[in-house]
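Asker: This is the structure I have questions about; it appears just below.
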Amino acid sequence: MKEQIQAHLKNRLAHFTGRGTEREFEDIERKKTGLSNRDARIVKVKAEAKVTRADQEGSHSFLYYTVHMQYMIKQKAAFYIEEAVEERKASFYDGRLYEDEELVPDIPEWRGPLPDDEEQKTGAAGGERIAYVYDRMKAVQYAEKWWNRFNPAYKSFTDDCTNYISQCLHAGGAPMRGYPDRAKGWWMMHNNWSYSWTVAHSFKTYLQYSKTGLRAKEVSSPQELKYGDVICIDFQGDGRFDHTLIVTGYDYYGMPLVNAHTTNSRKRYWTYEDSSAYTPNIKYKFFTIEDDS
């Protein structure tokens with residue numbers, strides 16, 4: 001079965017650079033189309049796979065595995081490397097591969113009760129002013145160091161995107177505040193955490209209304225974002241934000257490239273048009289971090 005997965009991955013890799021012969025892959029075509037729209041293309045791709053679990057149900061066998069993807073992307077005269085780690089499931093019947101799919105985590109991140117926006121606004125706005133300087137390079141360095149692993153100094157989550165971004169901002173010098181009220185401030189300590197630290201929608205609301213400690217200014221376009229700034233995504237366009245990204249680079253045209261957790265990604269294009277969660281109703285909010293420098 002492992003040999004069949006290897007052959008299947010080899011065929012997928014060939015499709016990324018236009019050399020596939022057997023069949024098209026919808027996710028690959030989506031990625032290639034998005035790149036083409038930016039005058040970019042994949043010139044080289046690598047994949048490292050690791051089986052993490054095997055299950056058996058009668059004549060059906062299932063292998064769960066991770067694939068570390070590395071794409072060398074050429075855009076005009078510039079090159080950059082994008083990386084992502086996919087969690088995948090290969091299904092076999094009588095020893096023959098019949099399906100291979102990416103396992104995409106459910107959204108939203110939080111399954112318990114959420115404070116409403118009005119409570120979040122009150123919790124975000126209150127408190128004594130805390131002065132700080134935001135070191136954007138330290139935030140980006142942290143994002144690069146931990147993009148594909150978990151810092152053991154913090155609690156980790158299956159849906160880890162906002163927790164990871166919060167850690168990046170804190171590494172850049174953004175101060176925690178609000179402990180121990182989970183509906184107030186932005187913090188993680190003593191094996192507890194605020195909603196705004198770990199939940200994408202609460203984090204977005206906090207950034208919109210915070211007047212002390214970590215605070216941000218909403219801007220109208222991604223071109224206004226700097227290193228260490230934040231993009232919040234509402235995939236369904238229903239007003240509940242699902243995902244959080246940090247700016248760690250730029251493409252040839254000066255558009256943001258981002259890091260993220262959950263589907264661990266590095267230097268991914270900010271629109272997430274290649275994501276299986278993407279919908280035509282997607283909405284974004286762009287936040288540039290403010291400080292006292």
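Going through the structure tokens in order, the chains are called A, B, and so on, while each chain numbers its residues from 1 and the ligands are numbered from 1 in the order shown.
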Write out as a PyMOL selection string each polymer residue whose atoms come within 12 Å of Lys145 of chain A, counting only C-alpha atoms; drop sequence neighbours fewer than 2 positions from it.

Answerer: chain A and resi 138-143+147-151+164+167-168+171+248+259-260+266

Asker: Could you write out that same residue set with N, CA and C atoms as a compact mmCIF listing (two decimals), in the first residue's frame?

Answerer:
```txt
# COMPACT_ATOMS: atom_id res chain seq x y z
N LYS A 138 10.75 40.14 15.18
CA LYS A 138 10.68 39.04 16.16
C LYS A 138 9.40 38.24 15.97
N ALA A 139 8.30 38.91 15.66
CA ALA A 139 7.04 38.21 15.40
C ALA A 139 7.18 37.30 14.19
N VAL A 140 7.81 37.81 13.13
CA VAL A 140 8.00 37.01 11.91
C VAL A 140 8.97 35.87 12.17
N GLN A 141 10.04 36.13 12.90
CA GLN A 141 11.00 35.06 13.22
C GLN A 141 10.31 33.94 13.99
N TYR A 142 9.43 34.29 14.92
CA TYR A 142 8.68 33.28 15.66
C TYR A 142 7.77 32.50 14.71
N ALA A 143 7.09 33.23 13.83
CA ALA A 143 6.18 32.58 12.87
C ALA A 143 6.93 31.59 11.98
N TRP A 147 6.21 27.44 12.40
CA TRP A 147 5.11 27.29 11.43
C TRP A 147 4.64 25.84 11.30
N ASN A 148 5.52 24.88 11.52
CA ASN A 148 5.14 23.49 11.34
C ASN A 148 5.32 22.65 12.61
N ARG A 149 5.29 23.31 13.75
CA ARG A 149 5.37 22.58 15.02
C ARG A 149 4.78 23.43 16.13
N PHE A 150 4.66 22.83 17.30
CA PHE A 150 4.04 23.50 18.43
C PHE A 150 5.09 23.86 19.47
N ASN A 151 5.02 25.07 19.97
CA ASN A 151 5.89 25.50 21.05
C ASN A 151 5.40 24.87 22.35
N TYR A 164 -1.70 30.13 17.38
CA TYR A 164 -0.38 30.35 16.77
C TYR A 164 -0.15 31.83 16.47
N GLN A 167 0.54 33.75 19.63
CA GLN A 167 1.92 33.53 20.09
C GLN A 167 2.91 34.39 19.30
N CYS A 168 2.70 34.50 17.99
CA CYS A 168 3.59 35.32 17.16
C CYS A 168 3.56 36.77 17.61
N ALA A 171 5.31 37.19 20.88
CA ALA A 171 6.76 37.13 20.69
C ALA A 171 7.30 38.46 20.18
N THR A 248 4.27 37.29 6.56
CA THR A 248 5.68 36.95 6.75
C THR A 248 6.52 37.22 5.50
N ASN A 259 1.88 33.02 6.93
CA ASN A 259 2.03 31.76 7.65
C ASN A 259 0.75 31.50 8.43
N ALA A 260 0.48 30.22 8.68
CA ALA A 260 -0.72 29.85 9.45
C ALA A 260 -0.57 28.45 10.01
N ARG A 266 3.36 27.95 5.10
CA ARG A 266 4.43 28.96 5.13
C ARG A 266 4.52 29.65 3.79
```

Asker: Write out as a PyMOL selection string the set of residues from segment 65-285 of chain A that DSSP, computed on the backbone, places in helix (DSSP H, G or I).

Answerer: chain A and resi 117-125+136-145+161-171+195-198+200-209+222-224

Asker: Restrict the selected residues to N, CA and C atoms and save them as a tab-separated table (two decimals), in the first residue's frame.

Answerer:
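Just written: selection.tsv:
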```tsv
chain	number	residue	atom	x	y	z
A	117	ASP	N	-20.74	39.61	20.43
A	117	ASP	CA	-19.82	40.67	20.04
A	117	ASP	C	-19.85	41.85	21.00
A	118	GLU	N	-21.03	42.16	21.55
A	118	GLU	CA	-21.12	43.30	22.45
A	118	GLU	C	-20.29	43.08	23.70
A	119	GLU	N	-20.32	41.86	24.24
A	119	GLU	CA	-19.51	41.55	25.42
A	119	GLU	C	-18.03	41.59	25.07
A	120	GLN	N	-17.70	41.09	23.87
A	120	GLN	CA	-16.32	41.13	23.44
A	120	GLN	C	-15.82	42.56	23.27
A	121	LYS	N	-16.67	43.42	22.71
A	121	LYS	CA	-16.28	44.81	22.52
A	121	LYS	C	-15.98	45.47	23.87
A	122	THR	N	-16.84	45.21	24.86
A	122	THR	CA	-16.64	45.79	26.19
A	122	THR	C	-15.34	45.29	26.80
A	123	GLY	N	-15.10	43.98	26.67
A	123	GLY	CA	-13.89	43.40	27.23
A	123	GLY	C	-12.63	43.88	26.53
A	124	ALA	N	-12.74	44.15	25.25
A	124	ALA	CA	-11.57	44.60	24.49
A	124	ALA	C	-11.22	46.04	24.80
A	125	ALA	N	-12.24	46.86	24.99
A	125	ALA	CA	-11.99	48.30	25.09
A	125	ALA	C	-11.51	48.74	26.46
A	136	ARG	N	8.31	43.77	14.83
A	136	ARG	CA	7.73	42.99	13.74
A	136	ARG	C	8.65	41.83	13.31
A	137	MET	N	9.95	42.07	13.32
A	137	MET	CA	10.86	41.02	12.90
A	137	MET	C	10.87	39.85	13.89
A	138	LYS	N	10.75	40.14	15.18
A	138	LYS	CA	10.68	39.04	16.16
A	138	LYS	C	9.40	38.24	15.97
A	139	ALA	N	8.30	38.91	15.66
A	139	ALA	CA	7.04	38.21	15.40
A	139	ALA	C	7.18	37.30	14.19
A	140	VAL	N	7.81	37.81	13.13
A	140	VAL	CA	8.00	37.01	11.91
A	140	VAL	C	8.97	35.87	12.17
A	141	GLN	N	10.04	36.13	12.90
A	141	GLN	CA	11.00	35.06	13.22
A	141	GLN	C	10.31	33.94	13.99
A	142	TYR	N	9.43	34.29	14.92
A	142	TYR	CA	8.68	33.28	15.66
A	142	TYR	C	7.77	32.50	14.71
A	143	ALA	N	7.09	33.23	13.83
A	143	ALA	CA	6.18	32.58	12.87
A	143	ALA	C	6.93	31.59	11.98
A	144	GLU	N	8.16	31.95	11.60
A	144	GLU	CA	8.97	31.07	10.77
A	144	GLU	C	9.48	29.86	11.56
A	145	LYS	N	9.87	30.07	12.79
A	145	LYS	CA	10.41	28.99	13.60
A	145	LYS	C	9.36	27.92	13.91
A	161	CYS	N	-5.04	27.77	14.61
A	161	CYS	CA	-4.61	28.93	13.82
A	161	CYS	C	-4.49	30.20	14.65
A	162	THR	N	-5.48	30.52	15.45
A	162	THR	CA	-5.45	31.79	16.18
A	162	THR	C	-4.49	31.72	17.37
A	163	ASN	N	-4.40	30.57	18.01
A	163	ASN	CA	-3.42	30.37	19.08
A	163	ASN	C	-2.01	30.64	18.55
A	164	TYR	N	-1.70	30.13	17.38
A	164	TYR	CA	-0.38	30.35	16.77
A	164	TYR	C	-0.15	31.83	16.47
A	165	ILE	N	-1.13	32.51	15.90
A	165	ILE	CA	-0.97	33.93	15.58
A	165	ILE	C	-0.80	34.74	16.86
A	166	SER	N	-1.56	34.42	17.90
A	166	SER	CA	-1.42	35.11	19.17
A	166	SER	C	0.00	34.96	19.71
A	167	GLN	N	0.54	33.75	19.63
A	167	GLN	CA	1.92	33.53	20.09
A	167	GLN	C	2.91	34.39	19.30
A	168	CYS	N	2.70	34.50	17.99
A	168	CYS	CA	3.59	35.32	17.16
A	168	CYS	C	3.56	36.77	17.61
A	169	LEU	N	2.36	37.31	17.83
A	169	LEU	CA	2.24	38.71	18.23
A	169	LEU	C	2.86	38.93	19.61
A	170	HIS	N	2.66	37.98	20.52
A	170	HIS	CA	3.25	38.09	21.85
A	170	HIS	C	4.78	38.04	21.76
A	171	ALA	N	5.31	37.19	20.88
A	171	ALA	CA	6.76	37.13	20.69
A	171	ALA	C	7.30	38.46	20.18
A	195	TYR	N	-10.92	33.91	25.20
A	195	TYR	CA	-11.51	33.57	23.90
A	195	TYR	C	-10.71	34.24	22.78
A	196	SER	N	-10.30	35.48	23.00
A	196	SER	CA	-9.62	36.24	21.95
A	196	SER	C	-8.26	35.64	21.60
A	197	TRP	N	-7.66	34.89	22.50
A	197	TRP	CA	-6.35	34.29	22.22
A	197	TRP	C	-6.47	33.12	21.25
A	198	THR	N	-7.58	32.38	21.30
A	198	THR	CA	-7.67	31.11	20.57
A	198	THR	C	-8.78	31.04	19.53
A	200	ALA	N	-10.88	32.55	16.35
A	200	ALA	CA	-10.66	33.50	15.26
A	200	ALA	C	-11.61	34.69	15.32
A	201	HIS	N	-12.90	34.44	15.54
A	201	HIS	CA	-13.86	35.55	15.53
A	201	HIS	C	-13.65	36.47	16.73
A	202	SER	N	-13.38	35.92	17.88
A	202	SER	CA	-13.13	36.73	19.06
A	202	SER	C	-11.85	37.55	18.91
A	203	PHE	N	-10.83	36.96	18.30
A	203	PHE	CA	-9.59	37.67	18.06
A	203	PHE	C	-9.82	38.86	17.12
A	204	LYS	N	-10.60	38.62	16.06
A	204	LYS	CA	-10.93	39.70	15.14
A	204	LYS	C	-11.64	40.83	15.86
A	205	THR	N	-12.60	40.50	16.71
A	205	THR	CA	-13.34	41.52	17.45
A	205	THR	C	-12.42	42.27	18.41
A	206	TYR	N	-11.52	41.53	19.07
A	206	TYR	CA	-10.57	42.18	19.97
A	206	TYR	C	-9.71	43.20	19.22
A	207	LEU	N	-9.18	42.82	18.07
A	207	LEU	CA	-8.34	43.74	17.31
A	207	LEU	C	-9.13	44.98	16.87
A	208	GLN	N	-10.39	44.80	16.57
A	208	GLN	CA	-11.22	45.93	16.14
A	208	GLN	C	-11.41	46.97	17.25
A	209	TYR	N	-11.52	46.53	18.51
A	209	TYR	CA	-11.97	47.42	19.57
A	209	TYR	C	-10.98	47.66	20.69
A	222	PRO	N	-4.82	44.82	1.37
A	222	PRO	CA	-3.66	44.05	1.81
A	222	PRO	C	-2.34	44.75	1.53
A	223	GLN	N	-2.33	45.65	0.54
A	223	GLN	CA	-1.09	46.36	0.22
A	223	GLN	C	-0.61	47.24	1.36
A	224	GLU	N	-1.51	47.58	2.30
A	224	GLU	CA	-1.14	48.44	3.42
A	224	GLU	C	-0.51	47.66	4.57
```

Asker: Have a look at atom CA of Glu102 of chain A and atom CA of Ala84 of chain A and let me know their distance in Å, one decimal.

Answerer: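 Distance between the two atoms: 12.2 Å.
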
Asker: With DSSP run on the backbone, what are the strand (DSSP E) residues within segment 184-276 of chain A? I'd like them as a PDB file with C-alpha atoms, in the first residue's frame.

Answerer:
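That gives us part.pdb:
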```
ATOM      1  CA  MET A 188      -2.912  32.683  27.867  1.00  0.00           C
ATOM      2  CA  MET A 189      -1.495  31.714  31.253  1.00  0.00           C
ATOM      3  CA  ASN A 192      -6.115  28.904  30.750  1.00  0.00           C
ATOM      4  CA  TRP A 193      -6.743  31.428  27.985  1.00  0.00           C
ATOM      5  CA  ARG A 215      -4.234  46.991  19.526  1.00  0.00           C
ATOM      6  CA  ALA A 216      -4.538  47.368  15.777  1.00  0.00           C
ATOM      7  CA  LYS A 217      -5.864  49.591  13.031  1.00  0.00           C
ATOM      8  CA  GLU A 218      -8.126  48.121  10.373  1.00  0.00           C
ATOM      9  CA  VAL A 219      -6.978  49.052   6.867  1.00  0.00           C
ATOM     10  CA  VAL A 230      -2.755  40.134  10.559  1.00  0.00           C
ATOM     11  CA  ILE A 231      -5.437  39.007   8.103  1.00  0.00           C
ATOM     12  CA  CYS A 232      -8.730  37.539   9.357  1.00  0.00           C
ATOM     13  CA  ILE A 233     -10.823  35.355   7.034  1.00  0.00           C
ATOM     14  CA  ASP A 234     -14.566  34.649   6.971  1.00  0.00           C
ATOM     15  CA  HIS A 243      -9.203  31.755  10.234  1.00  0.00           C
ATOM     16  CA  THR A 244      -6.251  34.005  11.097  1.00  0.00           C
ATOM     17  CA  LEU A 245      -2.996  34.655   9.196  1.00  0.00           C
ATOM     18  CA  ILE A 246       0.232  36.559   9.831  1.00  0.00           C
ATOM     19  CA  VAL A 247       2.169  38.400   7.114  1.00  0.00           C
ATOM     20  CA  THR A 248       5.683  36.947   6.745  1.00  0.00           C
ATOM     21  CA  GLY A 249       6.654  38.007   3.222  1.00  0.00           C
ATOM     22  CA  TYR A 250       5.619  39.512  -0.114  1.00  0.00           C
ATOM     23  CA  PRO A 256       1.309  39.539   1.311  1.00  0.00           C
ATOM     24  CA  LEU A 257       2.490  36.003   1.812  1.00  0.00           C
ATOM     25  CA  VAL A 258       1.356  34.478   5.090  1.00  0.00           C
ATOM     26  CA  ASN A 259       2.027  31.762   7.649  1.00  0.00           C
ATOM     27  CA  ALA A 260      -0.721  29.853   9.445  1.00  0.00           C
ATOM     28  CA  SER A 265       1.445  26.764   5.875  1.00  0.00           C
ATOM     29  CA  ARG A 266       4.430  28.963   5.135  1.00  0.00           C
ATOM     30  CA  LYS A 267       4.615  31.812   2.586  1.00  0.00           C
ATOM     31  CA  ARG A 268       1.122  31.043   1.273  1.00  0.00           C
ATOM     32  CA  TYR A 269      -0.652  33.667  -0.839  1.00  0.00           C
TER      33      TYR A 269
END
```

Asker: When you count only C-alpha atoms, which of these residues is closest to Met72 of chain A: A:Lys50, A:Lys44, A:Lys89, A:His261?

Answerer: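 Selected residue with least distance to Met72 of chain A: A:Lys44.
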
Asker: Between A:Ser36, A:Ser59, A:Ser293, A:Thr262, which has the minimum distance to Lys76 of chain A (counting only C-alpha atoms)?

Answerer: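 The shortest atom-to-atom distance to Lys76 of chain A comes from A:Ser36.
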
Asker: Would you write out, as a tab-separated table, a table of all residues in segment 71-189 of chain A that have an atom no more than 12 Å from an atom of segment 280-291 of chain A, listing for each the closest atom pair and the distance in Å to one decimal, considering only C-alpha atoms and ordering rows by chain and rising residue number?

Answerer:
```
residue	atom	partner	partner_atom	distance
A:Arg129	CA	A:Asp291	CA	11.2
A:Ile130	CA	A:Asp291	CA	9.6
A:Ala131	CA	A:Asp291	CA	7.3
A:Tyr132	CA	A:Asp291	CA	5.9
A:Val133	CA	A:Asp291	CA	5.3
A:Tyr134	CA	A:Asp291	CA	5.9
A:Asp135	CA	A:Asp291	CA	9.5
A:Arg136	CA	A:Ile289	CA	9.0
A:Ala139	CA	A:Ile289	CA	11.1
A:Leu169	CA	A:Ile289	CA	8.9
A:His170	CA	A:Ile289	CA	11.6
A:Gly172	CA	A:Ile289	CA	10.4
A:Gly173	CA	A:Asp291	CA	9.5
A:Ala174	CA	A:Asp291	CA	8.3
A:Pro175	CA	A:Asp291	CA	10.4
```

Asker: Which residues, written as an MDAnalysis selection string, have at least one atom at most 8 Å from Tyr64 of chain A, with only C-alpha atoms counted and residues fewer than 6 positions away on the same chain left out?

Answerer: chainID A and resid 51:54 87:90

Asker: Go ahead and write the residues just picked, all heavy atoms, as a short mmCIF file (atom, residue, chain, number, x, y, z; two decimals), in the first residue's frame.

Answerer:
```cif
data_model
loop_
_atom_site.label_atom_id
_atom_site.label_comp_id
_atom_site.auth_asym_id
_atom_site.auth_seq_id
_atom_site.Cartn_x
_atom_site.Cartn_y
_atom_site.Cartn_z
N VAL A 51 3.54 8.01 7.10
CA VAL A 51 2.32 7.34 7.56
C VAL A 51 2.20 7.51 9.08
O VAL A 51 3.16 7.28 9.82
CB VAL A 51 2.32 5.85 7.19
CG1 VAL A 51 1.11 5.14 7.81
CG2 VAL A 51 2.32 5.67 5.68
N THR A 52 1.02 7.92 9.53
CA THR A 52 0.80 8.15 10.96
C THR A 52 -0.13 7.13 11.60
O THR A 52 -0.10 6.94 12.81
CB THR A 52 0.21 9.55 11.18
OG1 THR A 52 -1.01 9.70 10.43
CG2 THR A 52 1.21 10.63 10.75
N ARG A 53 -0.98 6.47 10.78
CA ARG A 53 -1.93 5.52 11.36
C ARG A 53 -2.47 4.61 10.27
O ARG A 53 -2.57 5.02 9.11
CB ARG A 53 -3.09 6.27 12.02
CG ARG A 53 -3.95 5.39 12.92
CD ARG A 53 -4.95 6.21 13.71
NE ARG A 53 -6.27 6.22 13.13
CZ ARG A 53 -6.95 7.30 12.78
NH1 ARG A 53 -6.42 8.49 12.94
NH2 ARG A 53 -8.16 7.21 12.27
N ALA A 54 -2.83 3.39 10.63
CA ALA A 54 -3.44 2.44 9.70
C ALA A 54 -4.66 1.82 10.36
O ALA A 54 -4.62 1.45 11.54
CB ALA A 54 -2.44 1.36 9.30
N GLU A 87 -2.66 16.84 5.87
CA GLU A 87 -3.06 15.59 6.51
C GLU A 87 -3.96 14.86 5.51
O GLU A 87 -4.97 15.40 5.08
CB GLU A 87 -3.82 15.85 7.81
CG GLU A 87 -3.03 16.67 8.83
CD GLU A 87 -1.88 15.90 9.44
OE1 GLU A 87 -1.93 14.65 9.45
OE2 GLU A 87 -0.92 16.55 9.90
N ARG A 88 -3.60 13.62 5.14
CA ARG A 88 -4.33 12.93 4.09
C ARG A 88 -4.75 11.52 4.53
O ARG A 88 -4.19 10.95 5.47
CB ARG A 88 -3.48 12.83 2.81
CG ARG A 88 -3.02 14.19 2.27
CD ARG A 88 -2.43 14.07 0.89
NE ARG A 88 -3.45 13.74 -0.10
CZ ARG A 88 -4.15 14.66 -0.76
NH1 ARG A 88 -3.95 15.95 -0.54
NH2 ARG A 88 -5.05 14.29 -1.66
N LYS A 89 -5.74 10.99 3.83
CA LYS A 89 -6.26 9.65 4.09
C LYS A 89 -6.35 8.89 2.78
O LYS A 89 -7.01 9.34 1.83
CB LYS A 89 -7.65 9.73 4.74
CG LYS A 89 -8.32 8.37 4.95
CD LYS A 89 -9.74 8.57 5.48
CE LYS A 89 -10.50 7.26 5.63
NZ LYS A 89 -11.89 7.48 6.08
N ALA A 90 -5.66 7.75 2.69
CA ALA A 90 -5.70 6.89 1.52
C ALA A 90 -6.57 5.68 1.83
O ALA A 90 -6.38 5.02 2.85
CB ALA A 90 -4.30 6.45 1.13
#
```
